[in-house]
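Here is my_file14.cif, consisting of mmCIF, C-alpha atoms:
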```cif
data_query
#
loop_
_atom_site.group_PDB
_atom_site.id
_atom_site.type_symbol
_atom_site.label_atom_id
_atom_site.label_comp_id
_atom_site.auth_asym_id
_atom_site.auth_seq_id
_atom_site.Cartn_x
_atom_site.Cartn_y
_atom_site.Cartn_z
ATOM 1 C CA MET A 876 -44.472 -13.171 0.717
ATOM 2 C CA LYS A 877 -41.092 -14.903 0.850
ATOM 3 C CA LYS A 878 -39.799 -12.698 -1.973
ATOM 4 C CA VAL A 879 -40.970 -9.585 -0.130
ATOM 5 C CA LEU A 880 -39.183 -10.668 3.049
ATOM 6 C CA LEU A 881 -36.013 -11.358 1.088
ATOM 7 C CA CYS A 882 -36.192 -7.905 -0.497
ATOM 8 C CA ILE A 883 -36.681 -6.286 2.900
ATOM 9 C CA LEU A 884 -33.802 -8.291 4.321
ATOM 10 C CA GLY A 885 -31.583 -7.243 1.420
ATOM 11 C CA LEU A 886 -32.538 -3.606 1.937
ATOM 12 C CA LEU A 887 -31.767 -3.819 5.645
ATOM 13 C CA MET A 888 -28.403 -5.423 4.935
ATOM 14 C CA SER A 889 -27.585 -2.611 2.474
ATOM 15 C CA ILE A 890 -28.496 0.009 5.078
ATOM 16 C CA ILE A 891 -26.378 -1.725 7.716
ATOM 17 C CA THR A 892 -23.452 -2.045 5.295
ATOM 18 C CA PHE A 893 -23.719 1.625 4.358
ATOM 19 C CA ALA A 894 -23.826 2.640 8.013
ATOM 20 C CA GLN A 895 -20.691 0.648 8.677
ATOM 21 C CA GLU A 896 -18.764 2.020 5.702
ATOM 22 C CA LYS A 897 -15.485 3.446 6.928
ATOM 23 C CA VAL A 898 -14.317 6.853 5.740
ATOM 24 C CA ILE A 899 -10.640 7.599 5.126
ATOM 25 C CA GLY A 900 -9.507 11.198 4.786
ATOM 26 C CA VAL A 901 -6.625 11.431 2.309
ATOM 27 C CA SER A 902 -4.416 14.518 2.587
ATOM 28 C CA LEU A 903 -2.273 15.107 -0.508
ATOM 29 C CA PRO A 904 0.642 17.574 -0.442
ATOM 30 C CA GLY A 905 0.376 19.112 -3.912
ATOM 31 C CA PRO A 906 -1.071 18.782 -7.423
ATOM 32 C CA VAL A 907 1.586 16.815 -9.321
ATOM 33 C CA GLY A 908 1.191 13.929 -11.749
ATOM 34 C CA TYR A 909 2.603 11.398 -9.318
ATOM 35 C CA PHE A 910 -0.337 11.793 -6.969
ATOM 36 C CA ILE A 911 -2.832 11.345 -9.793
ATOM 37 C CA ALA A 912 -1.398 7.850 -10.179
ATOM 38 C CA VAL A 913 -1.410 7.355 -6.393
ATOM 39 C CA ARG A 914 -5.112 8.257 -6.345
ATOM 40 C CA GLU A 915 -5.787 5.759 -9.107
ATOM 41 C CA GLY A 916 -4.363 3.001 -6.935
ATOM 42 C CA MET A 917 -6.211 4.273 -3.885
ATOM 43 C CA ASP A 918 -9.564 4.454 -5.652
ATOM 44 C CA LYS A 919 -9.289 0.916 -7.000
ATOM 45 C CA GLN A 920 -8.263 -0.505 -3.635
ATOM 46 C CA ALA A 921 -11.004 1.429 -1.828
ATOM 47 C CA ILE A 922 -13.619 -0.367 -3.916
ATOM 48 C CA GLU A 923 -12.048 -3.697 -3.076
ATOM 49 C CA GLU A 924 -11.868 -2.867 0.629
ATOM 50 C CA GLY A 925 -15.357 -1.340 0.791
ATOM 51 C CA VAL A 926 -14.204 2.006 2.200
ATOM 52 C CA LYS A 927 -14.944 5.595 1.217
ATOM 53 C CA LEU A 928 -12.207 8.126 0.466
ATOM 54 C CA GLU A 929 -12.357 11.888 0.934
ATOM 55 C CA TYR A 930 -9.492 13.852 -0.643
ATOM 56 C CA ALA A 931 -7.907 17.202 0.165
ATOM 57 C CA ASP A 932 -4.935 18.812 -1.603
ATOM 58 C CA ALA A 933 -2.656 21.233 0.280
ATOM 59 C CA ASN A 934 -1.002 22.755 -2.809
ATOM 60 C CA TRP A 935 2.368 22.483 -0.990
ATOM 61 C CA ASP A 936 1.122 24.747 1.806
ATOM 62 C CA PRO A 937 1.718 23.246 5.304
ATOM 63 C CA ILE A 938 -0.758 25.651 6.912
ATOM 64 C CA LYS A 939 -3.446 24.658 4.423
ATOM 65 C CA GLN A 940 -2.692 20.985 5.075
ATOM 66 C CA LEU A 941 -3.105 21.549 8.814
ATOM 67 C CA SER A 942 -6.493 23.159 8.204
ATOM 68 C CA GLN A 943 -7.595 20.294 5.962
ATOM 69 C CA ILE A 944 -6.632 17.690 8.561
ATOM 70 C CA GLU A 945 -8.532 19.687 11.181
ATOM 71 C CA ASP A 946 -11.552 19.452 8.853
ATOM 72 C CA PHE A 947 -11.119 15.665 8.653
ATOM 73 C CA VAL A 948 -11.014 15.528 12.447
ATOM 74 C CA ALA A 949 -14.163 17.654 12.689
ATOM 75 C CA LYS A 950 -15.922 15.291 10.270
ATOM 76 C CA LYS A 951 -14.819 12.366 12.463
ATOM 77 C CA VAL A 952 -13.339 10.324 9.639
ATOM 78 C CA ASP A 953 -12.263 6.849 10.681
ATOM 79 C CA LEU A 954 -8.627 7.195 9.552
ATOM 80 C CA ILE A 955 -6.397 9.836 7.982
ATOM 81 C CA ALA A 956 -3.805 8.996 5.323
ATOM 82 C CA VAL A 957 -1.364 11.856 4.783
ATOM 83 C CA ALA A 958 1.525 12.660 2.470
ATOM 84 C CA ALA A 959 3.231 15.571 4.198
ATOM 85 C CA ALA A 960 3.793 18.860 2.396
ATOM 86 C CA ASP A 961 6.513 19.426 5.024
ATOM 87 C CA SER A 962 7.767 16.610 7.235
ATOM 88 C CA GLU A 963 8.263 18.831 10.291
ATOM 89 C CA ALA A 964 5.316 21.211 9.965
ATOM 90 C CA ILE A 965 2.898 18.276 9.688
ATOM 91 C CA LYS A 966 3.643 17.127 13.253
ATOM 92 C CA GLY A 967 1.086 19.500 14.795
ATOM 93 C CA ALA A 968 -1.643 18.177 12.510
ATOM 94 C CA ILE A 969 -0.744 14.591 13.382
ATOM 95 C CA ALA A 970 -1.011 15.421 17.092
ATOM 96 C CA ILE A 971 -4.480 16.894 16.566
ATOM 97 C CA ALA A 972 -5.674 13.721 14.833
ATOM 98 C CA GLN A 973 -4.121 11.496 17.482
ATOM 99 C CA ASP A 974 -5.674 13.527 20.313
ATOM 100 C CA ALA A 975 -9.031 12.960 18.634
ATOM 101 C CA GLY A 976 -8.385 9.211 18.573
ATOM 102 C CA ILE A 977 -8.154 9.056 14.784
ATOM 103 C CA PRO A 978 -5.412 6.711 13.480
ATOM 104 C CA VAL A 979 -2.956 8.147 10.944
ATOM 105 C CA ILE A 980 -1.048 6.531 8.094
ATOM 106 C CA ALA A 981 1.761 8.376 6.315
ATOM 107 C CA PHE A 982 2.483 7.659 2.653
ATOM 108 C CA THR A 983 4.964 8.840 0.002
ATOM 109 C CA ASN A 984 6.365 11.652 2.179
ATOM 110 C CA SER A 985 7.393 10.573 5.659
ATOM 111 C CA ILE A 986 6.854 12.479 8.906
ATOM 112 C CA GLY A 987 9.858 13.646 10.910
ATOM 113 C CA THR A 988 13.448 12.706 10.222
ATOM 114 C CA ASP A 989 13.616 8.910 10.490
ATOM 115 C CA GLU A 990 15.023 7.598 7.208
ATOM 116 C CA ASP A 991 12.708 4.587 7.132
ATOM 117 C CA GLY A 992 9.643 6.693 7.915
ATOM 118 C CA ARG A 993 8.982 5.580 11.503
ATOM 119 C CA TYR A 994 7.087 8.123 13.590
ATOM 120 C CA PRO A 995 5.595 7.690 17.072
ATOM 121 C CA GLY A 996 1.907 6.897 17.107
ATOM 122 C CA ILE A 997 1.227 6.495 13.383
ATOM 123 C CA VAL A 998 -0.046 3.159 12.110
ATOM 124 C CA THR A 999 2.581 2.792 9.371
ATOM 125 C CA TYR A 1000 4.571 4.653 6.750
ATOM 126 C CA VAL A 1001 3.977 3.418 3.211
ATOM 127 C CA GLY A 1002 6.718 4.558 0.892
ATOM 128 C CA GLN A 1003 10.344 4.572 -0.070
ATOM 129 C CA ASN A 1004 13.381 5.343 1.995
ATOM 130 C CA GLU A 1005 14.240 8.626 0.275
ATOM 131 C CA VAL A 1006 17.853 8.490 1.464
ATOM 132 C CA LYS A 1007 18.310 5.147 -0.289
ATOM 133 C CA THR A 1008 16.622 6.535 -3.394
ATOM 134 C CA GLY A 1009 19.012 9.480 -3.437
ATOM 135 C CA ALA A 1010 21.901 7.063 -3.051
ATOM 136 C CA LEU A 1011 20.554 5.088 -6.017
ATOM 137 C CA THR A 1012 20.939 8.134 -8.271
ATOM 138 C CA GLY A 1013 24.594 8.245 -7.210
ATOM 139 C CA LYS A 1014 25.025 4.574 -8.062
ATOM 140 C CA ILE A 1015 23.451 5.179 -11.472
ATOM 141 C CA ALA A 1016 25.924 8.033 -12.005
ATOM 142 C CA LYS A 1017 28.839 5.726 -11.250
ATOM 143 C CA ASN A 1018 27.470 3.096 -13.623
ATOM 144 C CA LEU A 1019 27.150 5.652 -16.408
ATOM 145 C CA LEU A 1020 30.452 7.476 -15.965
ATOM 146 C CA LYS A 1021 32.616 4.435 -15.190
ATOM 147 C CA LYS A 1022 35.350 6.624 -13.689
ATOM 148 C CA ASN A 1023 36.444 7.752 -10.243
ATOM 149 C CA ASP A 1024 36.197 11.522 -10.584
ATOM 150 C CA ALA A 1025 33.491 13.771 -11.989
ATOM 151 C CA LYS A 1026 31.965 17.220 -11.768
ATOM 152 C CA VAL A 1027 28.321 16.906 -10.725
ATOM 153 C CA VAL A 1028 25.482 19.404 -11.060
ATOM 154 C CA LEU A 1029 22.598 18.697 -8.671
ATOM 155 C CA ILE A 1030 19.116 20.024 -9.424
ATOM 156 C CA GLU A 1031 16.825 19.664 -6.413
ATOM 157 C CA GLY A 1032 13.078 19.611 -5.823
ATOM 158 C CA VAL A 1033 10.880 21.776 -3.589
ATOM 159 C CA PRO A 1034 13.054 23.012 -0.686
ATOM 160 C CA GLY A 1035 12.113 21.655 2.737
ATOM 161 C CA THR A 1036 10.177 18.644 1.518
ATOM 162 C CA PRO A 1037 11.289 15.184 2.716
ATOM 163 C CA PRO A 1038 12.206 14.052 -0.836
ATOM 164 C CA GLN A 1039 14.407 17.102 -1.419
ATOM 165 C CA ARG A 1040 16.288 16.806 1.872
ATOM 166 C CA ASN A 1041 16.638 13.040 2.030
ATOM 167 C CA ARG A 1042 17.457 12.449 -1.638
ATOM 168 C CA LYS A 1043 20.284 14.948 -1.358
ATOM 169 C CA LYS A 1044 21.501 13.304 1.847
ATOM 170 C CA GLY A 1045 21.573 9.886 0.185
ATOM 171 C CA LEU A 1046 23.390 11.183 -2.874
ATOM 172 C CA VAL A 1047 26.025 12.983 -0.804
ATOM 173 C CA GLU A 1048 26.585 9.843 1.298
ATOM 174 C CA GLU A 1049 26.923 7.694 -1.836
ATOM 175 C CA LEU A 1050 29.510 10.040 -3.348
ATOM 176 C CA LYS A 1051 31.516 10.819 -0.189
ATOM 177 C CA ASP A 1052 34.206 8.178 -0.810
ATOM 178 C CA THR A 1053 34.676 9.157 -4.449
ATOM 179 C CA ASN A 1054 36.194 12.097 -6.295
ATOM 180 C CA TYR A 1055 32.760 13.122 -7.545
ATOM 181 C CA LYS A 1056 32.274 16.766 -6.593
ATOM 182 C CA ILE A 1057 28.974 18.646 -6.613
ATOM 183 C CA VAL A 1058 30.115 21.853 -8.284
ATOM 184 C CA PHE A 1059 26.674 23.467 -8.418
ATOM 185 C CA ASN A 1060 23.223 22.840 -6.986
ATOM 186 C CA GLN A 1061 19.941 24.704 -7.249
ATOM 187 C CA THR A 1062 16.229 24.016 -6.898
ATOM 188 C CA SER A 1063 13.925 23.593 -9.879
ATOM 189 C CA ARG A 1064 10.906 22.925 -7.620
ATOM 190 C CA TRP A 1065 10.266 19.785 -9.741
ATOM 191 C CA GLU A 1066 9.630 22.027 -12.782
ATOM 192 C CA LYS A 1067 10.938 21.252 -16.281
ATOM 193 C CA GLU A 1068 11.188 24.862 -17.401
ATOM 194 C CA ARG A 1069 13.124 25.946 -14.319
ATOM 195 C CA ALA A 1070 15.588 23.082 -14.748
ATOM 196 C CA MET A 1071 16.038 23.947 -18.400
ATOM 197 C CA LYS A 1072 16.802 27.587 -17.501
ATOM 198 C CA ILE A 1073 19.289 26.505 -14.810
ATOM 199 C CA VAL A 1074 21.253 24.409 -17.284
ATOM 200 C CA GLU A 1075 21.063 27.056 -20.011
ATOM 201 C CA ASP A 1076 22.599 29.550 -17.576
ATOM 202 C CA LEU A 1077 25.325 27.086 -16.610
ATOM 203 C CA ILE A 1078 26.173 26.498 -20.265
ATOM 204 C CA GLN A 1079 26.426 30.255 -20.862
ATOM 205 C CA LYS A 1080 28.781 30.521 -17.885
ATOM 206 C CA ASN A 1081 30.925 27.669 -19.262
ATOM 207 C CA GLN A 1082 30.380 25.608 -16.124
ATOM 208 C CA GLU A 1083 32.356 22.377 -16.315
ATOM 209 C CA MET A 1084 30.140 19.351 -15.675
ATOM 210 C CA ASP A 1085 30.221 15.653 -16.452
ATOM 211 C CA ILE A 1086 26.771 14.719 -15.213
ATOM 212 C CA ILE A 1087 23.549 16.373 -14.074
ATOM 213 C CA ILE A 1088 21.682 14.564 -11.313
ATOM 214 C CA THR A 1089 18.123 15.697 -10.678
ATOM 215 C CA GLN A 1090 15.575 14.709 -8.057
ATOM 216 C CA ASP A 1091 12.742 14.134 -10.522
ATOM 217 C CA ASP A 1092 12.131 13.262 -14.162
ATOM 218 C CA ASN A 1093 10.638 16.655 -15.067
ATOM 219 C CA SER A 1094 13.869 18.400 -14.122
ATOM 220 C CA ALA A 1095 15.952 15.764 -15.889
ATOM 221 C CA ILE A 1096 14.031 16.314 -19.114
ATOM 222 C CA GLY A 1097 14.456 20.090 -18.832
ATOM 223 C CA ALA A 1098 18.177 19.633 -18.295
ATOM 224 C CA GLY A 1099 18.414 17.237 -21.223
ATOM 225 C CA MET A 1100 16.585 19.658 -23.502
ATOM 226 C CA ALA A 1101 18.993 22.470 -22.618
ATOM 227 C CA LEU A 1102 21.994 20.241 -23.336
ATOM 228 C CA GLN A 1103 20.483 18.986 -26.583
ATOM 229 C CA GLU A 1104 19.808 22.513 -27.848
ATOM 230 C CA ALA A 1105 23.408 23.447 -27.052
ATOM 231 C CA GLY A 1106 24.759 20.358 -28.813
ATOM 232 C CA LEU A 1107 26.196 18.976 -25.572
ATOM 233 C CA LYS A 1108 23.943 16.024 -24.823
ATOM 234 C CA ASP A 1109 26.468 13.480 -26.086
ATOM 235 C CA LYS A 1110 29.084 14.880 -23.672
ATOM 236 C CA ILE A 1111 27.075 15.239 -20.436
ATOM 237 C CA PHE A 1112 24.926 12.586 -18.758
ATOM 238 C CA VAL A 1113 21.558 13.333 -17.153
ATOM 239 C CA ILE A 1114 19.831 11.329 -14.416
ATOM 240 C CA GLY A 1115 16.204 11.672 -13.387
ATOM 241 C CA LEU A 1116 14.155 10.060 -10.633
ATOM 242 C CA GLY A 1117 10.672 8.588 -10.485
ATOM 243 C CA GLY A 1118 10.079 6.676 -13.694
ATOM 244 C CA SER A 1119 7.336 8.908 -15.126
ATOM 245 C CA LYS A 1120 5.891 8.331 -18.598
ATOM 246 C CA GLU A 1121 7.886 11.281 -19.929
ATOM 247 C CA GLY A 1122 11.003 10.139 -18.095
ATOM 248 C CA LEU A 1123 10.892 6.648 -19.575
ATOM 249 C CA ALA A 1124 10.206 8.085 -23.035
ATOM 250 C CA ALA A 1125 13.139 10.477 -22.612
ATOM 251 C CA ILE A 1126 15.480 7.562 -21.934
ATOM 252 C CA LYS A 1127 14.291 5.846 -25.109
ATOM 253 C CA ALA A 1128 14.865 9.085 -27.022
ATOM 254 C CA GLY A 1129 18.335 9.592 -25.558
ATOM 255 C CA LEU A 1130 17.350 12.839 -23.857
ATOM 256 C CA ILE A 1131 18.229 11.495 -20.409
ATOM 257 C CA ASP A 1132 20.396 8.518 -19.493
ATOM 258 C CA GLY A 1133 18.882 7.008 -16.369
ATOM 259 C CA THR A 1134 16.133 7.264 -13.789
ATOM 260 C CA THR A 1135 14.522 5.269 -10.991
ATOM 261 C CA TYR A 1136 11.180 3.500 -10.921
ATOM 262 C CA MET A 1137 8.548 2.674 -8.336
ATOM 263 C CA SER A 1138 4.854 2.137 -9.002
ATOM 264 C CA ALA A 1139 2.787 5.081 -7.745
ATOM 265 C CA VAL A 1140 -0.420 3.132 -8.393
ATOM 266 C CA GLU A 1141 0.846 0.297 -6.212
ATOM 267 C CA GLU A 1142 1.869 2.724 -3.473
ATOM 268 C CA GLY A 1143 -1.649 4.159 -3.410
ATOM 269 C CA ALA A 1144 -3.225 0.715 -3.331
ATOM 270 C CA VAL A 1145 -0.946 -0.507 -0.546
ATOM 271 C CA THR A 1146 -1.770 2.596 1.525
ATOM 272 C CA ILE A 1147 -5.496 1.862 1.438
ATOM 273 C CA LYS A 1148 -4.883 -1.835 2.014
ATOM 274 C CA MET A 1149 -2.901 -1.029 5.178
ATOM 275 C CA ALA A 1150 -5.576 1.457 6.250
ATOM 276 C CA SER A 1151 -8.268 -1.171 5.855
ATOM 277 C CA LYS A 1152 -6.250 -3.703 7.856
ATOM 278 C CA ALA A 1153 -5.799 -1.167 10.647
ATOM 279 C CA LEU A 1154 -9.512 -0.354 10.714
ATOM 280 C CA LYS A 1155 -10.259 -4.068 11.039
ATOM 281 C CA GLY A 1156 -7.899 -4.309 13.992
ATOM 282 C CA GLU A 1157 -5.342 -6.396 12.102
ATOM 283 C CA LYS A 1158 -1.607 -6.065 12.726
ATOM 284 C CA VAL A 1159 0.263 -3.592 10.508
ATOM 285 C CA GLU A 1160 4.038 -3.167 10.557
ATOM 286 C CA GLU A 1161 5.311 0.319 11.428
ATOM 287 C CA VAL A 1162 7.021 0.606 8.024
ATOM 288 C CA THR A 1163 5.621 -0.692 4.727
ATOM 289 C CA PRO A 1164 8.558 -0.200 2.334
ATOM 290 C CA MET A 1165 8.320 0.589 -1.362
ATOM 291 C CA ILE A 1166 11.515 0.149 -3.388
ATOM 292 C CA GLN A 1167 12.932 2.215 -6.264
ATOM 293 C CA VAL A 1168 14.977 0.414 -8.932
ATOM 294 C CA GLU A 1169 17.376 1.615 -11.639
ATOM 295 C CA VAL A 1170 16.160 2.250 -15.180
ATOM 296 C CA ASN A 1171 18.501 2.802 -18.125
ATOM 297 C CA LYS A 1172 18.522 2.338 -21.897
ATOM 298 C CA ASP A 1173 19.126 -1.401 -21.504
ATOM 299 C CA ASN A 1174 16.055 -2.188 -19.378
ATOM 300 C CA VAL A 1175 13.679 0.724 -20.024
ATOM 301 C CA ASN A 1176 11.288 -1.432 -22.077
ATOM 302 C CA ASN A 1177 10.567 -3.477 -18.957
ATOM 303 C CA PHE A 1178 8.771 -0.565 -17.298
ATOM 304 C CA LYS A 1179 5.433 1.123 -17.922
ATOM 305 C CA GLY A 1180 4.917 4.753 -16.964
ATOM 306 C CA GLU A 1181 1.908 5.550 -14.766
ATOM 307 C CA TRP A 1182 2.004 9.324 -14.429
#
```

Structure encoded using structure tokens:
Amino acid sequence: MKKVLLCILGLLMSIITFAQEKVIGVSLPGPVGYFIAVREGMDKQAIEEGVKLEYADANWDPIKQLSQIEDFVAKKVDLIAVAAADSEAIKGAIAIAQDAGIPVIAFTNSIGTDEDGRYPGIVTYVGQNEVKTGALTGKIAKNLLKKNDAKVVLIEGVPGTPPQRNRKKGLVEELKDTNYKIVFNQTSRWEKERAMKIVEDLIQKNQEMDIIITQDDNSAIGAGMALQEAGLKDKIFVIGLGGSKEGLAAIKAGLIDGTTYMSAVEEGAVTIKMASKALKGEKVEEVTPMIQVEVNKDNVNNFKGEW
């Protein structure tokens, strides 16, 4: 009889636990490798926190992201974690969630224009200061070139996204007191093939350049490949950003010369950890910073690619 009662009690506790399980709606901006690693960190942390995650991917479409967040609101999820496809367009979706009394956490891509990611009413922003990350690519350029003047080619990411705008802002600020001049800039939309074509065209036009700074590792690799095929890689430096598996391997192979690194898995885990704290009523700071660091041929073996 005692065993039966214990079994019933266990069953009741399981039902109660299930009923209390919190649901977090996770809105991703687009299908890139970085967010696969972010999801890995989120999924692991969700198990530890005892929460359920529901994912939606906007495919870089702000209107689609708005619709997906409206769906989360309709489902009455307990919290929404969002990486904005567009930092301005997302504001309407955030207002809808807030009007419904659903707390919102921003991660990876901030909301609005604050460099640190602060935005009225959200629980916290988990991620990097993209302006500082852009500035870091400028510092890496200075470390590589070791001179006061240079011709810079800038290859940017998806236009309008927070990383594209803020990384450029940080780079320009870092270079403003130097004789480094951005002689050409164009978007590759984070795509290797586009970046490769951009650099091939520049080579054909005999564009003078000392260094190519890109906003992601994919573009850096594409640029490096174009230079290598033209026999110019030993004359022109290439900088990536992000510390992807391919990016780190490209540094080891001499295809690119530097990049930045921040753990995407850790960023995902920290996002869910902060979400869980908020759902428990615990204090969460309005900004939860993640920091990018420099990677070059001298320290590349200290880093492990995640995406």

Contacts of A:Gly1115 within 6 Å, all atoms listed in the file, excl. fewer than 4 positions in-chain, as an MDAnalysis selection string
chainID A and resid 1089 1091:1092 1095 1134

Saved selection, atoms kept: C-alpha atoms, as a tab-separated table (two decimals), in the frame of the given file:
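Below is the file result10.tsv, written as the result:
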```tsv
chain	number	residue	atom	x	y	z
A	1089	THR	CA	18.12	15.70	-10.68
A	1091	ASP	CA	12.74	14.13	-10.52
A	1092	ASP	CA	12.13	13.26	-14.16
A	1095	ALA	CA	15.95	15.76	-15.89
A	1134	THR	CA	16.13	7.26	-13.79
```

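From atom CA of A:Thr983 back to atom CA of A:Ala1153, the distance works out to 18.1 Å.
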
Rank nothing, just name the residue among A:Asp1076, A:Glu1083, A:Glu1142, A:Asp974 nearest to A:Val948, using all atoms listed in the file.
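Closest candidate: A:Asp974.
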
Any chance you could resolve the PyMOL selection byres ((chain A and resi 908) around 12) against this file and give the residues as a list in words?
Leu903, Pro904, Gly905, Pro906, Val907, Tyr909, Phe910, Ile911, Ala912, Val913, Arg914, Glu915, Trp1065, Glu1066, Asp1091, Asp1092, Asn1093, Gly1117, Gly1118, Ser1119, Lys1120, Glu1121, Ala1139, Val1140, Gly1180, Glu1181 and Trp1182 of chain A

Same residues, C-alpha atoms, output as a CSV table (one decimal), in the coordinates of the input:
```
chain,number,residue,atom,x,y,z
A,903,LEU,CA,-2.3,15.1,-0.5
A,904,PRO,CA,0.6,17.6,-0.4
A,905,GLY,CA,0.4,19.1,-3.9
A,906,PRO,CA,-1.1,18.8,-7.4
A,907,VAL,CA,1.6,16.8,-9.3
A,909,TYR,CA,2.6,11.4,-9.3
A,910,PHE,CA,-0.3,11.8,-7.0
A,911,ILE,CA,-2.8,11.3,-9.8
A,912,ALA,CA,-1.4,7.8,-10.2
A,913,VAL,CA,-1.4,7.4,-6.4
A,914,ARG,CA,-5.1,8.3,-6.3
A,915,GLU,CA,-5.8,5.8,-9.1
A,1065,TRP,CA,10.3,19.8,-9.7
A,1066,GLU,CA,9.6,22.0,-12.8
A,1091,ASP,CA,12.7,14.1,-10.5
A,1092,ASP,CA,12.1,13.3,-14.2
A,1093,ASN,CA,10.6,16.7,-15.1
A,1117,GLY,CA,10.7,8.6,-10.5
A,1118,GLY,CA,10.1,6.7,-13.7
A,1119,SER,CA,7.3,8.9,-15.1
A,1120,LYS,CA,5.9,8.3,-18.6
A,1121,GLU,CA,7.9,11.3,-19.9
A,1139,ALA,CA,2.8,5.1,-7.7
A,1140,VAL,CA,-0.4,3.1,-8.4
A,1180,GLY,CA,4.9,4.8,-17.0
A,1181,GLU,CA,1.9,5.6,-14.8
A,1182,TRP,CA,2.0,9.3,-14.4
```

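Between atom CA of A:Ile1078 and atom CA of A:Thr1062 there is a distance of 16.8 Å.
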
Decode the PyMOL selection byres ((chain A and resi 1102) around 12) for the given file into explicit residues and return them as a PyMOL selection string.
chain A and resi 1070-1079+1084-1087+1095-1101+1103-1113+1129-1131

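When atom CA of A:Asn984 is paired with atom CA of A:Ala949, their separation reads 23.8 Å.
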
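Between A:Tyr930 and the candidates A:Gly967, A:Gly1133, A:Gly900, A:Gly1013, the tightest atom-to-atom separation, counting only C-alpha atoms, involves A:Gly900.
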
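Among the candidates A:Ala956, A:Ala921, A:Ala1010, A:Ile971, the one nearest to A:Leu1116 when counting all atoms listed in the file is A:Ala1010.
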
On this file, the PyMOL selection byres ((chain A and resi 1159) around 12) gives some set of residues; write that set as a count of residues only.
23

Identify, on the basis of all atoms listed in the file, every residue whose closest approach to A:Ala1144 does not exceed 6 Å; exclude the query and any residue fewer than 4 positions from it along the same chain; express the result as a PyMOL selection string.
chain A and resi 916-917+920

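Counting all atoms listed in the file, the residue from A:Lys1127, A:Lys1043, A:Lys1051, A:Lys1014 that sits nearest to A:Lys1172 is A:Lys1127.
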